[in-house]
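Undergrad: Provided below: model.txt, containing compact mmCIF, C-alpha atoms.
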```
# COMPACT_ATOMS: atom_id res chain seq x y z
CA MET A 197 0.00 0.00 0.00
CA ILE A 198 1.11 3.57 -0.69
CA LEU A 199 -0.22 6.40 1.44
CA THR A 200 -0.65 9.66 -0.46
CA ALA A 201 -1.83 13.11 0.54
CA ALA A 202 -5.18 12.41 -1.08
CA GLY A 203 -5.76 9.05 0.59
CA THR A 204 -4.76 5.42 0.29
CA LEU A 205 -3.79 3.89 -3.05
CA PRO A 206 -4.68 0.20 -3.42
CA ALA A 207 -1.90 -2.18 -4.42
CA GLN A 208 -1.81 -3.90 -7.80
CA THR A 209 -4.80 -6.15 -8.48
CA THR A 210 -3.48 -9.65 -9.15
CA SER A 211 -6.42 -12.07 -9.16
CA PRO A 212 -9.82 -10.40 -9.64
CA ARG A 213 -12.73 -12.84 -9.58
CA SER A 214 -14.77 -11.16 -12.31
CA PHE A 215 -14.70 -8.32 -14.85
CA ALA A 216 -16.96 -6.17 -12.67
CA GLY A 217 -14.86 -7.10 -9.63
CA LEU A 218 -11.76 -5.80 -11.39
CA VAL A 219 -13.45 -2.50 -12.24
CA LEU A 220 -14.87 -2.03 -8.76
CA SER A 221 -11.55 -2.89 -7.10
CA GLU A 222 -9.87 0.01 -8.89
CA LEU A 223 -12.59 2.69 -8.85
CA GLY A 224 -11.40 4.07 -5.53
CA ALA A 225 -8.11 5.12 -7.12
CA LEU A 226 -9.99 7.78 -9.09
CA SER A 227 -10.81 9.53 -5.81
CA VAL A 228 -7.17 9.36 -4.73
CA ALA A 229 -5.91 10.51 -8.17
CA PRO A 230 -2.33 9.32 -7.53
CA ASP A 231 0.48 10.66 -9.62
CA LEU A 232 2.26 8.42 -12.10
CA ALA A 233 5.27 7.97 -9.82
CA ALA A 234 3.11 6.61 -6.98
CA TRP A 235 1.13 4.36 -9.33
CA ARG A 236 4.27 2.86 -10.84
CA LYS A 237 5.60 2.04 -7.36
CA SER A 238 2.45 0.16 -6.43
CA HIS A 239 2.00 -1.40 -9.91
CA PRO A 240 5.59 -2.24 -10.92
CA ASN A 241 4.66 -5.00 -13.37
CA GLU A 242 2.55 -2.82 -15.67
CA SER A 243 3.86 -1.50 -18.97
CA LEU A 244 3.91 2.20 -19.76
CA LYS A 245 2.27 3.57 -22.90
CA ASN A 246 3.48 6.97 -24.06
CA ALA A 247 1.05 9.72 -25.05
CA ALA A 248 0.15 9.50 -28.73
CA TYR A 249 -2.32 10.84 -31.28
CA ASP A 250 -5.05 8.24 -31.07
CA ASN A 251 -8.50 9.71 -31.59
CA GLU A 252 -10.19 7.05 -29.54
CA TYR A 253 -8.23 6.85 -26.37
CA GLU A 254 -9.17 9.50 -23.89
CA THR A 255 -10.00 12.90 -25.21
CA GLN A 256 -7.92 12.65 -28.36
CA GLY A 257 -4.41 13.21 -27.12
CA LEU A 258 -4.79 15.14 -23.86
CA TRP A 259 -3.34 12.42 -21.64
CA CYS A 260 0.27 12.13 -20.46
CA ALA A 261 0.78 8.39 -20.23
CA ALA A 262 -1.11 5.14 -19.69
CA SER A 263 -0.19 2.27 -17.39
CA VAL A 264 -1.28 -0.99 -19.04
CA ALA A 265 -2.07 -4.36 -17.45
CA ASP A 266 -3.53 -7.61 -18.79
CA PHE A 267 -5.79 -9.90 -16.75
CA VAL A 268 -7.17 -13.38 -17.41
CA LEU A 269 -10.45 -13.75 -15.52
CA PRO A 270 -12.54 -16.85 -14.78
CA GLY A 271 -14.14 -18.16 -17.96
CA ASP A 272 -10.92 -17.31 -19.87
CA ILE A 273 -12.03 -13.67 -20.23
CA LYS A 274 -8.96 -11.64 -21.21
CA VAL A 275 -9.10 -7.98 -20.17
CA THR A 276 -6.63 -5.22 -20.99
CA ARG A 277 -6.79 -2.25 -18.63
CA GLN A 278 -5.26 1.13 -19.37
CA ALA A 279 -4.94 3.66 -16.53
CA PHE A 280 -4.75 7.14 -18.06
CA PHE A 281 -2.82 10.00 -16.44
CA TYR A 282 -3.26 13.72 -17.16
CA ILE A 283 -1.24 16.82 -16.38
CA PRO A 284 -1.76 18.13 -12.85
CA SER A 285 -4.41 20.79 -12.30
CA LYS A 286 -3.19 24.37 -12.22
CA LYS A 287 -3.59 26.18 -8.92
CA PRO A 288 -3.89 30.01 -8.87
CA ALA A 289 -0.36 30.54 -7.56
CA ASP A 290 1.29 27.95 -9.81
CA SER A 291 4.05 29.02 -12.16
CA LEU A 292 5.30 27.01 -15.08
CA PRO A 293 8.30 24.74 -14.48
CA GLY A 294 11.53 26.60 -15.08
CA HIS A 295 12.84 24.38 -17.84
CA GLN A 296 12.10 21.34 -19.97
CA ASP A 297 12.28 18.11 -17.98
CA PRO A 298 10.86 14.69 -18.96
CA ARG A 299 10.63 13.83 -15.24
CA LEU A 300 7.61 16.15 -15.04
CA LEU A 301 5.67 13.23 -16.50
CA GLN A 302 5.79 11.55 -13.08
CA GLN A 303 3.53 14.32 -11.71
CA CYS A 304 0.63 13.46 -14.03
CA ARG A 305 -2.51 12.30 -12.20
CA LEU A 306 -4.70 9.23 -12.67
CA LEU A 307 -8.19 10.23 -13.84
CA THR A 308 -9.46 7.43 -16.11
CA PHE A 309 -9.52 3.64 -16.49
CA TRP A 310 -10.24 1.99 -19.85
CA TYR A 311 -11.03 -1.77 -19.79
CA GLU A 312 -11.28 -3.77 -23.00
CA VAL A 313 -12.14 -7.36 -23.96
CA GLN A 314 -11.21 -8.10 -27.57
CA ASN A 315 -13.45 -10.44 -29.58
CA PRO A 316 -15.58 -11.70 -26.67
CA VAL A 317 -17.16 -15.12 -27.28
CA ASN A 318 -20.65 -13.97 -26.32
CA PRO A 319 -20.56 -10.15 -26.04
CA ALA A 320 -24.27 -9.69 -25.36
CA GLU A 321 -24.28 -12.12 -22.45
CA LEU A 322 -21.00 -10.77 -21.08
CA ALA A 323 -22.33 -7.21 -21.27
CA LYS A 324 -25.51 -8.19 -19.40
CA SER A 325 -23.53 -10.05 -16.76
CA VAL A 326 -21.07 -7.19 -16.17
CA THR A 327 -23.92 -4.66 -16.13
CA ALA A 328 -25.75 -6.65 -13.48
CA ASP A 329 -22.64 -7.02 -11.33
CA LEU A 330 -21.77 -3.32 -11.59
CA SER A 331 -25.37 -2.32 -10.87
CA ALA A 332 -25.29 -4.35 -7.66
CA SER A 333 -22.65 -1.93 -6.35
CA LEU A 334 -23.26 1.27 -8.33
CA GLY A 335 -27.04 1.21 -8.62
CA THR A 336 -29.20 1.01 -11.73
CA ALA A 337 -27.52 2.14 -14.94
CA ALA A 338 -28.97 4.66 -17.36
CA GLU A 339 -29.24 3.52 -20.99
CA PRO A 340 -29.29 6.76 -23.00
CA PRO A 341 -30.45 6.58 -26.63
CA LEU A 342 -28.05 7.45 -29.42
CA PHE A 343 -29.11 11.09 -29.70
CA LYS A 344 -28.33 11.73 -26.02
CA ARG A 345 -24.77 10.46 -26.09
CA ARG A 346 -22.24 13.19 -25.53
CA ASP A 347 -19.57 14.24 -27.99
CA GLY A 348 -16.28 12.74 -26.94
CA ASP A 349 -17.74 9.36 -26.01
CA TRP A 350 -15.19 7.58 -28.19
CA GLY A 351 -17.33 6.94 -31.27
CA SER A 352 -19.97 5.29 -29.13
CA GLY A 353 -22.80 6.10 -31.50
CA GLU A 354 -22.44 2.61 -32.95
CA TRP A 355 -22.06 0.80 -29.63
CA LYS A 356 -24.64 -1.72 -28.41
CA HIS A 357 -25.82 -2.28 -24.85
CA TYR A 358 -24.72 1.22 -23.91
CA ALA A 359 -25.03 1.76 -20.13
CA VAL A 360 -23.90 4.68 -17.94
CA TRP A 361 -23.54 5.06 -14.18
CA GLU A 362 -23.23 8.82 -13.48
CA ARG A 363 -22.15 9.76 -9.98
CA GLU A 364 -21.08 13.02 -8.37
CA ASN A 365 -17.36 12.52 -8.74
CA ARG A 366 -17.07 9.94 -11.52
CA SER A 367 -18.86 8.07 -14.28
CA VAL A 368 -18.70 4.52 -15.59
CA VAL A 369 -19.66 3.64 -19.18
CA LEU A 370 -20.15 0.16 -20.66
CA GLY A 371 -20.62 -0.63 -24.33
CA VAL A 372 -20.27 -3.34 -26.96
CA ASP A 373 -18.35 -2.02 -29.97
CA PRO A 374 -19.09 -3.68 -33.33
CA GLY A 375 -15.94 -2.14 -34.79
CA THR A 376 -17.78 -0.85 -37.84
CA ALA A 377 -20.52 1.57 -38.82
CA VAL A 378 -22.16 -1.21 -40.84
CA PRO A 379 -24.78 -3.04 -38.72
CA VAL A 380 -23.52 -6.44 -37.56
CA PRO A 381 -25.02 -9.04 -35.22
CA GLU A 382 -24.09 -8.33 -31.62
CA ALA A 383 -22.79 -11.89 -31.41
CA VAL A 384 -19.80 -10.95 -33.61
CA ALA A 385 -18.97 -7.64 -31.92
CA LYS A 386 -15.32 -6.65 -31.92
CA ARG A 387 -14.95 -5.81 -28.23
CA LEU A 388 -16.59 -5.00 -24.92
CA LEU A 389 -15.52 -1.80 -23.16
CA VAL A 390 -15.85 -0.33 -19.69
CA ILE A 391 -14.59 3.22 -19.15
CA ALA A 392 -14.41 4.76 -15.69
CA ARG A 393 -13.64 8.48 -15.47
CA SER A 394 -13.12 10.97 -12.69
CA SER A 395 -15.23 14.11 -12.97
CA LEU A 396 -11.90 15.97 -13.21
CA ALA A 397 -10.88 14.20 -16.43
CA PRO A 398 -10.93 16.66 -19.34
CA TRP A 399 -13.51 16.48 -22.10
CA GLY A 400 -13.37 17.74 -25.66
CA LEU A 401 -10.75 19.94 -27.26
CA GLY A 402 -7.52 20.94 -25.61
CA PHE A 403 -7.81 24.50 -26.85
CA GLU A 404 -10.65 26.96 -27.14
CA TRP A 405 -8.85 28.19 -30.26
CA MET A 406 -9.92 26.69 -33.58
CA GLY A 407 -8.02 29.01 -35.89
CA ARG A 408 -11.14 31.01 -36.71
CA GLU A 409 -12.00 33.29 -33.77
CA ALA A 410 -10.18 35.93 -31.75
CA PRO A 411 -9.21 34.99 -28.17
CA LYS A 412 -11.89 35.96 -25.66
CA GLY A 413 -9.58 37.95 -23.41
CA GLN A 414 -7.90 39.97 -26.14
CA PRO A 415 -8.43 43.78 -26.22
CA SER A 416 -10.89 44.78 -28.94
CA LEU A 417 -9.38 45.54 -32.32
CA ASP A 418 -9.80 49.18 -33.38
CA GLY A 419 -9.64 49.17 -37.16
CA THR A 420 -6.04 50.39 -37.48
CA ALA A 421 -3.57 48.79 -39.86
CA GLU A 422 -1.95 47.02 -36.94
CA SER A 423 -5.25 45.56 -35.70
CA ALA A 424 -6.12 44.46 -39.24
CA SER A 425 -2.88 42.50 -39.34
CA ILE A 426 -3.67 40.94 -35.96
CA ALA A 427 -7.17 40.02 -37.11
CA ARG A 428 -5.67 38.18 -40.07
CA LEU A 429 -3.07 36.52 -37.84
CA GLU A 430 -5.87 34.94 -35.81
CA LYS A 431 -7.42 33.41 -38.93
CA ALA A 432 -4.93 30.63 -39.53
CA CYS A 433 -6.33 29.59 -42.88
CA SER A 434 -5.64 33.03 -44.33
CA PHE A 435 -2.01 31.84 -44.52
CA ASP A 436 -2.79 28.48 -46.09
CA ASP A 437 -0.96 27.59 -49.30
CA GLY A 438 -3.84 25.44 -50.54
CA HIS A 439 -2.46 22.25 -48.96
CA ASN A 440 -3.20 22.88 -45.28
CA ASN A 441 0.22 24.47 -44.74
CA TRP A 442 -0.63 27.56 -42.69
CA GLN A 443 1.76 27.31 -39.75
CA ALA A 444 4.85 28.80 -41.40
CA GLY A 445 2.95 31.80 -42.76
CA THR A 446 1.34 32.44 -39.39
CA VAL A 447 4.72 32.31 -37.67
CA ARG A 448 6.35 34.68 -40.17
CA SER A 449 3.52 37.17 -39.88
CA GLY A 450 3.37 37.01 -36.09
CA GLU A 451 7.11 37.39 -35.59
CA LYS A 452 7.08 40.41 -37.92
CA LEU A 453 4.24 41.99 -35.94
CA LEU A 454 6.29 41.65 -32.74
CA ARG A 455 9.22 43.38 -34.41
CA ASP A 456 7.11 46.13 -35.97
CA TYR A 457 4.97 46.86 -32.88
CA PRO A 458 7.09 46.07 -29.81
CA ALA A 459 4.85 48.18 -27.51
CA SER A 460 1.51 46.98 -28.91
CA ARG A 461 -1.31 46.49 -26.41
CA TRP A 462 -2.05 43.27 -28.32
CA LYS A 463 1.52 42.02 -27.97
CA SER A 464 0.80 39.26 -25.45
CA TYR A 465 -1.97 37.85 -27.64
CA ILE A 466 0.37 37.85 -30.61
CA HIS A 467 2.61 35.70 -28.43
CA LEU A 468 -0.33 33.38 -27.74
CA THR A 469 -1.16 32.95 -31.42
CA LEU A 470 2.51 32.28 -32.18
CA ALA A 471 2.73 29.74 -29.37
CA ARG A 472 -0.23 27.86 -30.79
CA ALA A 473 1.13 28.04 -34.33
CA TYR A 474 4.53 26.69 -33.28
CA ALA A 475 2.80 23.89 -31.33
CA ALA A 476 0.62 23.07 -34.35
CA TRP A 477 3.75 22.96 -36.51
CA LEU A 478 5.41 20.64 -33.99
CA ILE A 479 2.45 18.26 -34.24
CA LEU A 480 3.27 17.67 -37.92
CA THR A 481 6.71 16.28 -36.99
CA TYR A 482 5.16 13.24 -35.26
CA PRO A 483 5.29 10.23 -37.63
CA ALA A 484 1.83 8.85 -36.81
CA VAL A 485 -0.09 12.12 -37.12
CA ASP A 486 -2.56 12.66 -39.99
CA LEU A 487 -1.09 15.49 -42.07
CA ASN A 488 -4.40 16.27 -43.83
CA GLY A 489 -2.42 17.17 -46.95
CA ALA A 490 0.16 19.31 -45.15
CA THR A 491 3.91 18.98 -45.67
CA ARG A 492 5.97 17.51 -42.86
CA PRO A 493 8.23 20.27 -41.46
CA THR A 494 11.97 20.25 -41.98
CA THR A 495 12.49 22.55 -38.98
CA ASP A 496 14.07 20.82 -35.98
CA PRO A 497 11.27 19.65 -33.62
CA ASP A 498 13.25 20.75 -30.55
CA THR A 499 13.43 24.27 -31.96
CA LEU A 500 9.66 24.33 -32.58
CA ARG A 501 9.05 23.12 -29.02
CA ARG A 502 11.35 25.75 -27.50
CA ASP A 503 9.76 28.54 -29.53
CA ALA A 504 6.24 27.45 -28.55
CA ILE A 505 7.22 27.35 -24.86
CA ALA A 506 8.85 30.80 -25.05
CA HIS A 507 5.74 32.39 -26.55
CA PHE A 508 3.43 30.67 -24.05
CA ARG A 509 5.60 32.04 -21.24
CA ALA A 510 5.49 35.54 -22.72
CA PHE A 511 1.69 35.38 -22.89
CA LEU A 512 1.27 34.05 -19.35
CA GLU A 513 3.55 36.67 -17.83
CA GLU A 514 0.92 39.31 -18.61
CA ASN A 515 -2.29 37.26 -18.65
CA ARG A 516 -2.43 34.99 -15.60
CA GLU A 517 -6.15 35.63 -15.13
CA SER A 518 -7.31 35.74 -18.76
CA PRO A 519 -9.87 33.29 -20.19
CA GLU A 520 -7.04 31.63 -22.14
CA ALA A 521 -4.58 31.36 -19.22
CA ASN A 522 -5.51 27.85 -18.04
CA SER A 523 -5.38 26.25 -21.47
CA ALA A 524 -2.12 28.08 -22.29
CA TRP A 525 -0.59 26.90 -19.00
CA ARG A 526 -1.65 23.30 -19.61
CA GLU A 527 -0.26 23.32 -23.13
CA ALA A 528 3.04 24.87 -22.06
CA TRP A 529 3.31 22.28 -19.27
CA ARG A 530 2.85 19.47 -21.81
CA LEU A 531 5.62 20.88 -23.96
CA LEU A 532 7.95 21.33 -20.98
CA ALA A 533 7.38 17.68 -20.05
CA GLY A 534 8.33 16.58 -23.57
CA LEU A 535 4.77 15.49 -24.40
CA PRO A 536 3.11 15.87 -27.81
CA PRO A 537 1.10 19.10 -28.16
CA SER A 538 -2.66 18.80 -27.86
CA PRO A 539 -4.21 18.12 -31.28
CA ILE A 540 -5.51 20.99 -33.41
CA HIS A 541 -9.01 20.03 -34.52
CA PHE A 542 -9.31 21.89 -37.78
CA ALA A 543 -7.81 21.79 -41.26
CA CYS A 544 -7.73 24.41 -43.99
CA THR A 545 -9.66 23.08 -46.98
CA ASP A 546 -11.22 24.66 -50.05
```
So that I can check it, write out the structure of this file as structure tokens.

TA:
Amino acid sequence: MILTAAGTLPAQTTSPRSFAGLVLSELGALSVAPDLAAWRKSHPNESLKNAAYDNEYETQGLWCAASVADFVLPGDIKVTRQAFFYIPSKKPADSLPGHQDPRLLQQCRLLTFWYEVQNPVNPAELAKSVTADLSASLGTAAEPPLFKRRDGDWGSGEWKHYAVWERENRSVVLGVDPGTAVPVPEAVAKRLLVIARSSLAPWGLGFEWMGREAPKGQPSLDGTAESASIARLEKACSFDDGHNNWQAGTVRSGEKLLRDYPASRWKSYIHLTLARAYAAWLILTYPAVDLNGATRPTTDPDTLRRDAIAHFRAFLEENRESPEANSAWREAWRLLAGLPPSPIHFACTD
């Protein structure tokens, strides 16, 4: 057992008696929210999965790392469990770490479990059995229809036997995934999933910014030539070359604005736009990322990371209380920890 400031962290589960028993045995850890270092000490036999751009697993790239374990349950049910860790929450007095350090990853907090059974022999019966066992401890599950399922529920619009246990500080979701949008008999479903999330786990996009709108906290533009240039800077696709390559043009324009208007009252928000553009450019250097027609950068990834961090710092120095401060802090923290930037969920197309 490991005692943490938040409570007691259970030791590694070695022989759960059922699928539901496994889930229930670990739910308490979501209330403790241990950091990765503490979890690894109490679960030394689990493998570590690095953060990656996978649109299914947990909020599309906002996690830090996943601790992975495999279990064989009675009835030869094979379960893979991923414990997902996220960057620590920002407190009002928190400053960014002083320098890049991959050891920051150990501070990420556990906020989600993802359990998966691949190719279950009888998915419908297994789903009913697990639902009944979970309901015995968690209460009756809700079974929302398709049109009530929230965005971000991992493509669950096609899932069968969809059940949700919503509680004040966490939720548990169960579903049978057919693995295709084409209707198939539930008996040949691809996998059964159970996802348990803390209420603190992030949902949706990592940024408010979508490359189309001005930041909410930015001073109003006044119609001058300078403000016209800033308005264009915030519309990323105005720099697109026709192939979704907008990052380089945004960077050139933003850096020129900083040189031309060093005392601008919009200066800090120019820094913010540049930080986001450099981070978006860095994303394209990751081999597995979908380029959406863009060209992979030749600029050194370490240089892009450093430039993004520097501009995030410059923004935060003057905007600690702005609407964009929390997301900027989280993104800068990811970059300082050596993590991939949060995905940018838009592309410039004709």

Undergrad: Between A:Cys260, A:Thr420, A:Ala216, A:Arg509, which has the minimum distance to Arg299 (chain A) (counting all atoms listed in the file)?

TA: A:Cys260

Undergrad: Need the neighbours of (-10.2, -8.5, -10.2): which residues are at most 12 Å away, counting only C-alpha atoms, as a PyMOL selection string?

TA: chain A and resi 207-223+265-270+273-277+311

Undergrad: Could you write out the selected residues, including C-alpha atoms, as a CSV table (one decimal), in the coordinates of the input?

TA:
```csv
chain,number,residue,atom,x,y,z
A,207,ALA,CA,-1.9,-2.2,-4.4
A,208,GLN,CA,-1.8,-3.9,-7.8
A,209,THR,CA,-4.8,-6.2,-8.5
A,210,THR,CA,-3.5,-9.6,-9.2
A,211,SER,CA,-6.4,-12.1,-9.2
A,212,PRO,CA,-9.8,-10.4,-9.6
A,213,ARG,CA,-12.7,-12.8,-9.6
A,214,SER,CA,-14.8,-11.2,-12.3
A,215,PHE,CA,-14.7,-8.3,-14.8
A,216,ALA,CA,-17.0,-6.2,-12.7
A,217,GLY,CA,-14.9,-7.1,-9.6
A,218,LEU,CA,-11.8,-5.8,-11.4
A,219,VAL,CA,-13.4,-2.5,-12.2
A,220,LEU,CA,-14.9,-2.0,-8.8
A,221,SER,CA,-11.6,-2.9,-7.1
A,222,GLU,CA,-9.9,0.0,-8.9
A,223,LEU,CA,-12.6,2.7,-8.8
A,265,ALA,CA,-2.1,-4.4,-17.4
A,266,ASP,CA,-3.5,-7.6,-18.8
A,267,PHE,CA,-5.8,-9.9,-16.8
A,268,VAL,CA,-7.2,-13.4,-17.4
A,269,LEU,CA,-10.4,-13.8,-15.5
A,270,PRO,CA,-12.5,-16.8,-14.8
A,273,ILE,CA,-12.0,-13.7,-20.2
A,274,LYS,CA,-9.0,-11.6,-21.2
A,275,VAL,CA,-9.1,-8.0,-20.2
A,276,THR,CA,-6.6,-5.2,-21.0
A,277,ARG,CA,-6.8,-2.2,-18.6
A,311,TYR,CA,-11.0,-1.8,-19.8
```

Undergrad: Have a look at CA of Gln302 (chain A) and CA of Ala289 (chain A) and let me know their distance in Å, one decimal.

TA: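 So the two atoms, CA of Gln302 (chain A) and CA of Ala289 (chain A), lie 20.7 Å apart.
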
Undergrad: Excluding Leu370 (chain A) and residues on its chain fewer than 2 positions from it, collect all residues at most 7 Å away from it, counting all atoms listed in the file, and give them as a list in words.

TA: Tyr358, Ala359, Val360, Val368, Leu389, Val390 and Ile391 of chain A

Undergrad: Using all atoms listed in the file for the distances, tell me which of A:Leu388, A:Thr469, A:Thr308, A:Tyr282 is nearest to Glu321 (chain A).

TA: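 Closest candidate: A:Leu388.
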
Undergrad: Could you tell me how far CA of Ile426 (chain A) sits from CA of Arg526 (chain A), in Å to one decimal place?

TA: 24.1 Å

Undergrad: Using all atoms listed in the file, find each residue of region 265-374 of chain A with at least one atom at most 12 Å away from an atom of region 513-518 of chain A; report its shortest atom-to-atom pair and that distance in Å (one decimal), sort the rows by chain and rising residue number, and return the result as CSV.

TA:
```
residue,atom,partner,partner_atom,distance
A:Lys286,CA,A:Arg516,CA,11.2
A:Lys287,CA,A:Arg516,CA,11.1
A:Pro288,CA,A:Arg516,CA,8.5
A:Ala289,CA,A:Arg516,CA,9.4
A:Asp290,CA,A:Arg516,CA,9.8
A:Ser291,CA,A:Arg516,CA,9.5
A:Leu292,CA,A:Glu513,CA,10.2
```

Undergrad: Do you have the CA of Ala510 (chain A)-CA of Thr495 (chain A) distance handy?

TA: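 One can read the CA of Ala510 (chain A) to CA of Thr495 (chain A) distance as 22.0 Å.
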
Undergrad: So that I can see what lies close to Asn315 (chain A), please list as a PyMOL selection string the residues with an atom at most 12 Å from it, counting all atoms listed in the file and leaving out residues fewer than 2 positions away in the same chain.

TA: chain A and resi 273-275+312-313+317-320+322+372-375+382-389

Undergrad: Considering all atoms listed in the file, can you say which of A:Ile505, A:Ala471, A:Ala397, A:Cys433 comes closest to Ala543 (chain A)?

TA: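 With all atoms listed in the file as the atom set, the closest residue is A:Cys433.
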
Undergrad: Pick the closest to Leu300 (chain A) from A:Arg363, A:Lys431, A:Arg530, A:His467: which is it, counting all atoms listed in the file?

TA: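 Once distances to Leu300 (chain A) are computed over all atoms listed in the file, the minimum belongs to A:Arg530.
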
Undergrad: Check the smallest atom-to-atom distance from each of A:Leu258, A:Ala332, A:Ala279, A:Val447 to Asp503 (chain A) using all atoms listed in the file, then report the winner.

TA: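 Under the stated criterion, the closest residue is A:Val447.
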
Undergrad: Could you check the closest approach to Cys544 (chain A) for each of A:Ser460, A:Gln443, A:Gln414, A:Ser367 and tell me which residue wins, using only C-alpha atoms?

TA: A:Gln443

Undergrad: Using the structure block above, produce a file of region 237-248 of chain A that contains C-alpha atoms, as a PDB file, in the first residue's frame.

TA:
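Result saved to decode.pdb:
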```
ATOM      1  CA  LYS A 237       5.604   2.043  -7.364  1.00  0.00           C
ATOM      2  CA  SER A 238       2.453   0.164  -6.425  1.00  0.00           C
ATOM      3  CA  HIS A 239       1.997  -1.399  -9.908  1.00  0.00           C
ATOM      4  CA  PRO A 240       5.588  -2.236 -10.923  1.00  0.00           C
ATOM      5  CA  ASN A 241       4.662  -5.000 -13.367  1.00  0.00           C
ATOM      6  CA  GLU A 242       2.551  -2.821 -15.669  1.00  0.00           C
ATOM      7  CA  SER A 243       3.859  -1.505 -18.969  1.00  0.00           C
ATOM      8  CA  LEU A 244       3.913   2.202 -19.763  1.00  0.00           C
ATOM      9  CA  LYS A 245       2.268   3.570 -22.900  1.00  0.00           C
ATOM     10  CA  ASN A 246       3.476   6.973 -24.056  1.00  0.00           C
ATOM     11  CA  ALA A 247       1.052   9.719 -25.054  1.00  0.00           C
ATOM     12  CA  ALA A 248       0.154   9.504 -28.734  1.00  0.00           C
TER      13      ALA A 248
END
```
